[in-house]
$ cat final_27.txt   # compact mmCIF, C-alpha atoms
# COMPACT_ATOMS: atom_id res chain seq x y z
CA MET A 1 15.22 -105.39 23.13
CA ARG A 2 16.16 -101.70 23.04
CA LEU A 3 18.17 -102.37 19.90
CA LEU A 4 15.12 -103.98 18.25
CA VAL A 5 12.90 -101.00 19.09
CA LEU A 6 15.56 -98.58 17.81
CA LEU A 7 15.91 -100.56 14.57
CA ALA A 8 12.11 -100.56 14.05
CA VAL A 9 11.89 -96.80 14.63
CA ALA A 10 14.86 -96.19 12.33
CA ALA A 11 13.21 -98.28 9.60
CA LEU A 12 9.99 -96.28 9.94
CA LEU A 13 11.82 -92.97 9.73
CA ALA A 14 14.01 -94.05 6.84
CA ALA A 15 11.12 -95.28 4.66
CA PRO A 16 9.64 -91.86 3.76
CA ALA A 17 13.08 -90.66 2.70
CA ALA A 18 13.45 -93.67 0.43
CA ALA A 19 10.00 -92.95 -1.09
CA GLY A 20 11.37 -89.83 -2.71
CA ASP A 21 13.99 -91.82 -4.69
CA ARG A 22 13.53 -92.94 -8.26
CA PRO A 23 10.82 -95.61 -8.23
CA SER A 24 11.76 -99.20 -8.90
CA LEU A 25 9.38 -101.54 -10.70
CA ALA A 26 10.34 -104.49 -8.48
CA LYS A 27 9.76 -102.49 -5.29
CA LEU A 28 6.39 -101.18 -6.44
CA GLU A 29 5.29 -104.64 -7.57
CA ALA A 30 6.02 -105.85 -4.04
CA GLU A 31 4.05 -102.98 -2.49
CA ILE A 32 0.91 -103.03 -4.64
CA ILE A 33 -1.90 -105.56 -4.26
CA CYS A 34 -3.74 -107.11 -7.20
CA PRO A 35 -7.43 -106.27 -6.47
CA VAL A 36 -8.67 -109.57 -7.90
CA CYS A 37 -6.22 -112.14 -6.50
CA HIS A 38 -5.32 -110.18 -3.32
CA THR A 39 -1.60 -110.94 -3.56
CA THR A 40 1.15 -108.49 -4.40
CA LEU A 41 1.65 -107.83 -8.11
CA ASP A 42 5.00 -109.65 -8.15
CA GLN A 43 3.17 -112.87 -7.22
CA SER A 44 0.35 -112.57 -9.72
CA ASP A 45 -0.04 -113.04 -13.46
CA SER A 46 -3.78 -112.29 -13.58
CA PRO A 47 -4.91 -110.00 -16.44
CA ILE A 48 -5.45 -107.00 -14.15
CA ALA A 49 -2.10 -107.59 -12.39
CA LEU A 50 -0.33 -107.62 -15.76
CA ARG A 51 -2.18 -104.46 -16.76
CA MET A 52 -1.17 -102.77 -13.50
CA LYS A 53 2.47 -103.78 -14.00
CA GLY A 54 2.28 -102.22 -17.48
CA PHE A 55 0.77 -99.06 -15.99
CA ILE A 56 3.58 -98.80 -13.41
CA LYS A 57 6.22 -99.25 -16.15
CA GLN A 58 4.56 -96.49 -18.20
CA ARG A 59 4.44 -94.10 -15.25
CA ILE A 60 8.10 -94.78 -14.32
CA ALA A 61 9.08 -94.06 -17.94
CA ALA A 62 7.01 -90.87 -17.82
CA GLY A 63 9.04 -89.73 -14.79
CA ASP A 64 6.43 -90.11 -12.03
CA SER A 65 7.66 -90.51 -8.46
CA GLU A 66 6.77 -93.55 -6.36
CA SER A 67 4.18 -91.60 -4.38
CA GLN A 68 2.61 -90.22 -7.58
CA ILE A 69 2.27 -93.73 -9.02
CA LYS A 70 0.76 -95.01 -5.79
CA SER A 71 -1.68 -92.07 -5.65
CA LYS A 72 -2.85 -92.81 -9.19
CA LEU A 73 -3.40 -96.47 -8.35
CA VAL A 74 -5.26 -95.56 -5.14
CA ALA A 75 -7.48 -93.19 -7.15
CA GLN A 76 -8.44 -96.10 -9.42
CA PHE A 77 -8.62 -99.02 -7.01
CA GLY A 78 -8.91 -97.54 -3.51
CA GLU A 79 -6.51 -97.71 -0.55
CA ALA A 80 -6.76 -101.51 -0.39
CA VAL A 81 -4.40 -101.61 -3.36
CA LEU A 82 -1.52 -100.66 -1.03
CA ALA A 83 0.17 -103.62 0.65
CA SER A 84 0.91 -101.50 3.74
CA PRO A 85 -1.41 -98.78 5.01
CA PRO A 86 -0.35 -95.16 4.49
CA ARG A 87 1.35 -93.58 7.51
CA LYS A 88 -1.32 -91.02 8.34
CA GLY A 89 -4.50 -90.65 10.37
CA PHE A 90 -6.06 -93.80 11.78
CA ASN A 91 -3.69 -95.97 9.72
CA LEU A 92 -0.81 -94.82 11.95
CA LEU A 93 -2.18 -97.28 14.51
CA ALA A 94 -1.13 -100.17 12.29
CA TRP A 95 2.44 -98.87 12.38
CA TRP A 96 2.72 -97.85 16.03
CA LEU A 97 0.66 -100.54 17.75
CA PRO A 98 3.24 -103.32 17.16
CA ILE A 99 6.01 -101.06 18.50
CA ALA A 100 3.84 -100.09 21.46
CA GLY A 101 3.11 -103.80 22.03
CA ILE A 102 6.81 -104.69 21.98
CA ALA A 103 7.58 -101.79 24.35
CA ALA A 104 4.74 -102.81 26.71
CA GLY A 105 5.96 -106.44 26.65
CA ALA A 106 9.53 -105.33 27.41
CA ALA A 107 8.29 -103.11 30.25
CA ALA A 108 6.21 -105.97 31.69
CA LEU A 109 9.19 -108.33 31.47
CA GLY A 110 11.48 -105.76 33.10
CA PHE A 111 8.99 -105.10 35.88
CA GLY A 112 8.54 -108.84 36.46
CA ALA A 113 12.31 -109.38 36.61
CA TRP A 114 12.72 -106.44 39.00
CA ARG A 115 9.99 -107.78 41.33
CA TRP A 116 11.46 -111.28 41.22
CA SER A 117 14.98 -110.06 42.10
CA ARG A 118 13.57 -107.82 44.86
CA GLY A 119 11.69 -110.78 46.35
CA ARG A 120 14.89 -112.82 46.43
CA GLU A 121 16.74 -109.97 48.13
CA SER A 122 14.09 -109.53 50.83
CA SER A 123 13.90 -113.28 51.54
CA GLY A 124 17.71 -113.38 51.71
CA ALA A 125 17.77 -110.37 54.07
CA GLY A 126 15.57 -112.30 56.56
CA GLY A 127 18.66 -114.34 57.64
CA GLU A 128 20.57 -111.18 58.60
CA GLY A 129 18.07 -109.85 61.22
CA PRO A 130 18.70 -109.79 65.01
CA LEU A 131 18.95 -113.23 66.67
CA GLU A 132 16.46 -114.47 69.21
CA PRO A 133 17.70 -113.80 72.83
CA GLU A 134 17.99 -117.51 73.65
CA LEU A 135 19.98 -118.22 70.53
CA GLU A 136 22.19 -115.19 71.10
CA ARG A 137 22.90 -116.31 74.68
CA ARG A 138 23.86 -119.80 73.50
CA LEU A 139 26.07 -118.37 70.77
CA ASP A 140 27.87 -116.13 73.27
CA GLU A 141 28.44 -119.14 75.53
CA GLU A 142 29.83 -121.19 72.66
CA LEU A 143 32.13 -118.36 71.58
CA ALA A 144 33.36 -117.81 75.17
CA ARG A 145 34.08 -121.52 75.51
CA PHE A 146 35.88 -121.54 72.15
CA GLU A 147 38.05 -118.56 73.11
CA SER A 148 38.92 -119.98 76.52
CA MET B 1 -3.22 -108.60 48.84
CA THR B 2 -1.91 -106.32 46.07
CA ALA B 3 -0.34 -109.28 44.26
CA ALA B 4 -3.62 -111.22 44.50
CA ARG B 5 -5.50 -108.23 43.07
CA ALA B 6 -3.00 -107.85 40.22
CA LYS B 7 -3.33 -111.57 39.45
CA LEU B 8 -7.13 -111.34 39.42
CA GLY B 9 -6.97 -108.25 37.18
CA GLY B 10 -4.71 -110.09 34.77
CA GLN B 11 -7.06 -113.07 34.66
CA VAL B 12 -10.09 -110.82 34.03
CA LEU B 13 -8.19 -109.04 31.24
CA ALA B 14 -7.20 -112.35 29.63
CA VAL B 15 -10.79 -113.68 29.75
CA ALA B 16 -12.11 -110.38 28.33
CA LEU B 17 -9.59 -110.57 25.48
CA VAL B 18 -10.56 -114.15 24.63
CA ALA B 19 -14.27 -113.20 24.76
CA ALA B 20 -13.66 -110.22 22.46
CA LEU B 21 -11.80 -112.39 19.93
CA LEU B 22 -14.60 -114.99 20.07
CA ALA B 23 -17.23 -112.28 19.47
CA LEU B 24 -15.21 -111.01 16.50
CA LEU B 25 -15.05 -114.53 15.04
CA ILE B 26 -18.82 -115.06 15.49
CA TRP B 27 -19.56 -111.67 13.89
CA LYS B 28 -17.32 -112.46 10.92
CA VAL B 29 -18.86 -115.93 10.39
CA ALA B 30 -22.43 -114.55 10.71
CA ARG B 31 -21.63 -111.77 8.25
CA GLY B 32 -20.25 -114.26 5.73
CA SER B 33 -19.23 -112.73 2.41
CA GLY B 34 -21.28 -109.61 3.07
CA GLN B 35 -23.96 -110.61 0.55
CA THR B 36 -27.33 -109.02 1.28
CA ALA B 37 -30.81 -110.53 0.71
CA THR B 38 -32.11 -107.37 -0.93
CA PRO B 39 -30.13 -105.29 -3.42
CA ALA B 40 -27.80 -102.95 -1.56
CA ASN B 41 -27.88 -99.36 -2.68
CA PHE B 42 -24.80 -98.03 -4.42
CA THR B 43 -23.71 -94.63 -5.67
CA LEU B 44 -20.92 -94.79 -8.20
CA SER B 45 -19.22 -92.48 -10.69
CA ARG B 46 -20.43 -92.74 -14.26
CA LEU B 47 -18.02 -93.74 -17.00
CA ASP B 48 -20.27 -92.66 -19.85
CA ARG B 49 -20.79 -89.10 -18.63
CA PRO B 50 -19.85 -86.90 -15.67
CA GLY B 51 -21.64 -87.37 -12.37
CA LYS B 52 -22.86 -90.29 -10.31
CA LEU B 53 -25.73 -92.74 -10.39
CA SER B 54 -27.35 -94.50 -7.45
CA LEU B 55 -29.51 -97.59 -7.49
CA ALA B 56 -32.08 -95.77 -5.31
CA SER B 57 -32.69 -93.29 -8.15
CA LEU B 58 -33.85 -96.17 -10.38
CA ARG B 59 -36.67 -97.33 -8.06
CA GLY B 60 -39.77 -98.08 -10.14
CA LYS B 61 -37.73 -99.49 -13.00
CA VAL B 62 -36.52 -102.99 -13.72
CA VAL B 63 -32.73 -102.96 -13.37
CA VAL B 64 -30.27 -105.40 -14.89
CA VAL B 65 -26.95 -105.09 -13.08
CA ASN B 66 -24.03 -106.51 -15.01
CA PHE B 67 -20.64 -106.73 -13.29
CA TRP B 68 -17.79 -106.61 -15.78
CA ALA B 69 -14.21 -105.52 -16.43
CA SER B 70 -12.40 -104.55 -19.62
CA TRP B 71 -9.79 -107.30 -19.10
CA CYS B 72 -12.49 -110.01 -18.84
CA ILE B 73 -12.71 -112.04 -22.06
CA PRO B 74 -16.36 -113.28 -21.73
CA CYS B 75 -17.44 -109.68 -21.02
CA LYS B 76 -16.44 -108.79 -24.57
CA LYS B 77 -18.82 -111.37 -25.97
CA GLU B 78 -21.81 -110.58 -23.79
CA SER B 79 -21.76 -106.76 -23.77
CA PRO B 80 -23.46 -106.43 -27.21
CA ARG B 81 -26.31 -108.58 -25.80
CA PHE B 82 -26.88 -106.06 -22.99
CA GLU B 83 -26.82 -103.23 -25.51
CA ALA B 84 -29.47 -105.03 -27.61
CA ALA B 85 -31.65 -105.75 -24.55
CA TRP B 86 -31.34 -102.13 -23.35
CA LYS B 87 -32.54 -100.87 -26.76
CA ARG B 88 -35.34 -103.41 -26.95
CA TYR B 89 -36.81 -103.07 -23.43
CA ARG B 90 -35.98 -99.54 -22.24
CA SER B 91 -39.39 -98.23 -23.38
CA GLN B 92 -40.98 -100.76 -20.98
CA GLY B 93 -39.07 -99.35 -17.99
CA LEU B 94 -35.85 -101.37 -18.12
CA VAL B 95 -32.42 -99.98 -17.27
CA VAL B 96 -29.21 -101.89 -17.85
CA VAL B 97 -26.43 -100.81 -15.49
CA GLY B 98 -22.90 -102.01 -16.17
CA ILE B 99 -20.63 -101.90 -13.14
CA ASP B 100 -16.99 -101.98 -14.19
CA ALA B 101 -15.06 -103.26 -11.17
CA ASN B 102 -11.35 -103.81 -10.38
CA ASP B 103 -10.40 -102.01 -13.56
CA PHE B 104 -8.83 -98.81 -14.88
CA SER B 105 -11.58 -96.37 -15.84
CA SER B 106 -9.64 -95.40 -18.99
CA ASP B 107 -9.64 -99.04 -20.13
CA ALA B 108 -13.36 -99.30 -19.39
CA ARG B 109 -14.10 -96.21 -21.49
CA LYS B 110 -12.12 -97.65 -24.41
CA PHE B 111 -14.05 -100.90 -24.05
CA ALA B 112 -17.40 -99.04 -24.07
CA ALA B 113 -16.42 -97.07 -27.16
CA HIS B 114 -15.19 -100.18 -28.96
CA TYR B 115 -18.44 -102.08 -28.34
CA HIS B 116 -20.67 -99.00 -28.82
CA LEU B 117 -22.29 -99.33 -25.39
CA THR B 118 -24.90 -96.67 -24.63
CA TYR B 119 -26.41 -97.97 -21.37
CA PRO B 120 -25.26 -96.45 -18.03
CA LEU B 121 -21.76 -97.58 -17.10
CA LEU B 122 -20.40 -97.07 -13.59
CA HIS B 123 -16.90 -97.43 -12.18
CA ASP B 124 -16.21 -99.38 -8.98
CA GLY B 125 -12.41 -99.58 -8.95
CA SER B 126 -12.14 -101.04 -5.45
CA GLY B 127 -14.93 -103.56 -6.05
CA LYS B 128 -16.95 -102.54 -2.97
CA THR B 129 -20.25 -103.53 -4.63
CA LEU B 130 -19.09 -107.08 -5.37
CA GLY B 131 -19.53 -108.49 -1.84
CA PRO B 132 -23.11 -107.26 -1.23
CA TYR B 133 -24.18 -108.64 -4.64
CA GLY B 134 -22.45 -111.99 -4.10
CA VAL B 135 -20.15 -111.48 -7.07
CA THR B 136 -17.10 -113.71 -7.09
CA GLY B 137 -15.90 -113.25 -10.68
CA PHE B 138 -16.60 -111.61 -14.01
CA PRO B 139 -19.01 -111.39 -15.65
CA GLU B 140 -22.00 -111.84 -13.35
CA THR B 141 -25.53 -110.49 -13.72
CA ARG B 142 -28.41 -109.82 -11.34
CA PHE B 143 -31.97 -108.69 -11.95
CA ILE B 144 -33.96 -106.27 -9.76
CA ASP B 145 -37.72 -105.71 -10.09
CA ARG B 146 -39.65 -102.43 -9.90
CA ARG B 147 -40.04 -102.79 -6.13
CA GLY B 148 -36.32 -103.08 -5.59
CA ARG B 149 -36.13 -106.85 -4.98
CA PHE B 150 -33.86 -109.46 -6.54
CA VAL B 151 -35.76 -111.48 -9.12
CA GLY B 152 -34.83 -114.23 -11.57
CA GLU B 153 -31.42 -115.83 -11.71
CA HIS B 154 -28.04 -114.77 -10.42
CA VAL B 155 -26.16 -115.52 -13.62
CA ILE B 156 -22.51 -116.42 -13.10
CA GLY B 157 -20.44 -116.20 -16.27
CA GLN B 158 -21.37 -115.16 -19.75
CA ILE B 159 -25.11 -114.80 -20.32
CA SER B 160 -26.85 -115.89 -23.53
CA SER B 161 -29.37 -113.62 -25.27
CA SER B 162 -32.24 -116.03 -24.54
CA ARG B 163 -31.38 -116.31 -20.85
CA LEU B 164 -31.07 -112.54 -20.59
CA GLU B 165 -34.47 -111.98 -22.22
CA LYS B 166 -36.14 -114.68 -20.11
CA ASN B 167 -34.94 -113.01 -16.89
CA ILE B 168 -35.84 -109.53 -18.10
CA GLU B 169 -39.37 -110.61 -18.98
CA LYS B 170 -39.76 -112.28 -15.61
CA ALA B 171 -38.63 -109.07 -13.89
CA LEU B 172 -40.98 -106.94 -16.00
CA ARG B 173 -43.92 -109.20 -15.05
CA SER B 174 -43.21 -109.32 -11.30
$ encode --input "final_27.txt" --output "structure tokens"
Amino acid sequence: MRLLVLLAVAALLAAPAAAGDRPSLAKLEAEIICPVCHTTLDQSDSPIALRMKGFIKQRIAAGDSESQIKSKLVAQFGEAVLASPPRKGFNLLAWWLPIAGIAAGAAALGFGAWRWSRGRESSGAGGEGPLEPELERRLDEELARFES
Amino acid sequence: MTAARAKLGGQVLAVALVAALLALLIWKVARGSGQTATPANFTLSRLDRPGKLSLASLRGKVVVVNFWASWCIPCKKESPRFEAAWKRYRSQGLVVVGIDANDFSSDARKFAAHYHLTYPLLHDGSGKTLGPYGVTGFPETRFIDRRGRFVGEHVIGQISSSRLEKNIEKALRS
């Protein structure tokens, strides 16, 4: 579970670094939504999707960065054009809530397991307490007879 | 005692979560597509000149709202009809408003120049006006009377000149 959380955090931290790289048409087509058909551009051949693909090609050729291309598309079509919400402000919730959910689930599971094991220990410890006087007397008699 | 309380708390939380999800579902179903019975106000950037235009500023006039996009083939055929109607009826208090939605504003400007459109053209890139006006495709046209109410037909698809004039005259009379 820890490994999963670490991998998710690493992916989140690595993504902004990757955004600064030279933009790829295939990557952008997978990250931009067609405003008419509501699928990513790589899954749509609608007229506006084709026009947007052409626009992205033009901007890549003109030397724009990935974030510049996305900003221009957001200026035209609004934030809904992004397949994943930007990592700022209220939108951060969309990124951190799943991680917080996984962490809370792991904590709940851990706590449950700890309580369960503790319960077993305490019920097991009940057999190791002092014996009742009658039972102790009988045990002593038995042991004395066995030794004699 | 503590375990019983924790169990009860968990059950209350689970029931509250289910109730909240149910309320969300009911709200979404009741809201439907977001279409409103009376024309929703909008304020959008103009394509034909700098600045913005709101529907509220046109109160007292008959408004023809045409939803279009430069990539829409039937829009190319019908736009000259709106230009003709705008020229013919504007002296009687008619305004044609073209809302270019889900489109690049640069493409829309080229389209307007190509078809010599002179009526107010607005840009709604994200398409936020489509839901309240019940628009599901392009082109679509709605008519609003001087008192700010929907009147006539909700025309889905390309509109003919006769149908456009019939609806305009009905709106002017109401």
$ residues_around --input "final_27.txt" --residues "region 55-62 of chain B" --least-positions-apart "6" --cutoff "7 Å" --atoms "only C-alpha atoms" --output "ChimeraX atom specification"
/B:41-43,93-95,144-148,171-172
$ closest_atom_pairs --input "final_27.txt" --of "chain B" --to "chain A" --cutoff "7 Å" --atoms "all atoms listed in the file" --output "tab-separated table"
residue	atom	partner	partner_atom	distance
B:Trp71	CA	A:Pro47	CA	6.2
B:Asn102	CA	A:Pro35	CA	6.1
B:Phe104	CA	A:Gln76	CA	6.1
B:Gly125	CA	A:Phe77	CA	4.3
B:Ser126	CA	A:Phe77	CA	4.3
$ write_last_selection --input "final_27.txt" --atoms "C-alpha atoms" --output "PDB file, in the coordinates of the input"
ATOM      1  CA  TRP B  71      -9.790-107.300 -19.100  1.00  0.00           C
ATOM      2  CA  ASN B 102     -11.350-103.810 -10.380  1.00  0.00           C
ATOM      3  CA  PHE B 104      -8.830 -98.810 -14.880  1.00  0.00           C
ATOM      4  CA  GLY B 125     -12.410 -99.580  -8.950  1.00  0.00           C
ATOM      5  CA  SER B 126     -12.140-101.040  -5.450  1.00  0.00           C
TER       6      SER B 126
END
$ atom_distance --input "final_27.txt" --atom1 "CA of Ala69 (chain B)" --atom2 "CA of Val135 (chain B)"
12.6 Å
$ closest_residue --input "final_27.txt" --among "B:Thr118, B:Ser174, B:Gln158, B:Thr136" --to "Arg49 (chain B)" --atoms "only C-alpha atoms"
B:Thr118
$ atom_distance --input "final_27.txt" --atom1 "CA of Gly134 (chain B)" --atom2 "CA of Gly51 (chain B)"
26.0 Å
$ atom_distance --input "final_27.txt" --atom1 "CA of Thr40 (chain A)" --atom2 "CA of Ala83 (chain A)"
7.1 Å
$ closest_residue --input "final_27.txt" --among "B:Ile156, B:Ala84, B:Ala3, B:Leu25" --to "Leu117 (chain B)" --atoms "only C-alpha atoms"
B:Ala84
$ residues_around --input "final_27.txt" --residues "Ala85 (chain B)" --least-positions-apart "3" --cutoff "10 Å" --atoms "all atoms listed in the file" --output "list in words"
Val64, Ser79, Pro80, Arg81, Phe82, Arg88, Tyr89, Arg90, Leu94, Val95, Val96, Tyr119, Ser161, Leu164, Glu165 and Ile168 of chain B
$ closest_residue --input "final_27.txt" --among "A:Glu31, A:Glu142, A:Gln43, A:Pro130" --to "Pro86 (chain A)" --atoms "all atoms listed in the file"
A:Glu31
$ closest_residue --input "final_27.txt" --among "B:Ala16, B:Leu122, B:Val151, B:Ala40" --to "Trp68 (chain B)" --atoms "only C-alpha atoms"
B:Leu122
$ residues_around --input "final_27.txt" --residues "Thr38 (chain B)" --least-positions-apart "2" --cutoff "7 Å" --atoms "only C-alpha atoms" --output "PDB file with C-alpha atoms, in the coordinates of the input"
ATOM      1  CA  THR B  36     -27.330-109.020   1.280  1.00  0.00           C
ATOM      2  CA  ALA B  40     -27.800-102.950  -1.560  1.00  0.00           C
ATOM      3  CA  ARG B 149     -36.130-106.850  -4.980  1.00  0.00           C
ATOM      4  CA  PHE B 150     -33.860-109.460  -6.540  1.00  0.00           C
TER       5      PHE B 150
END
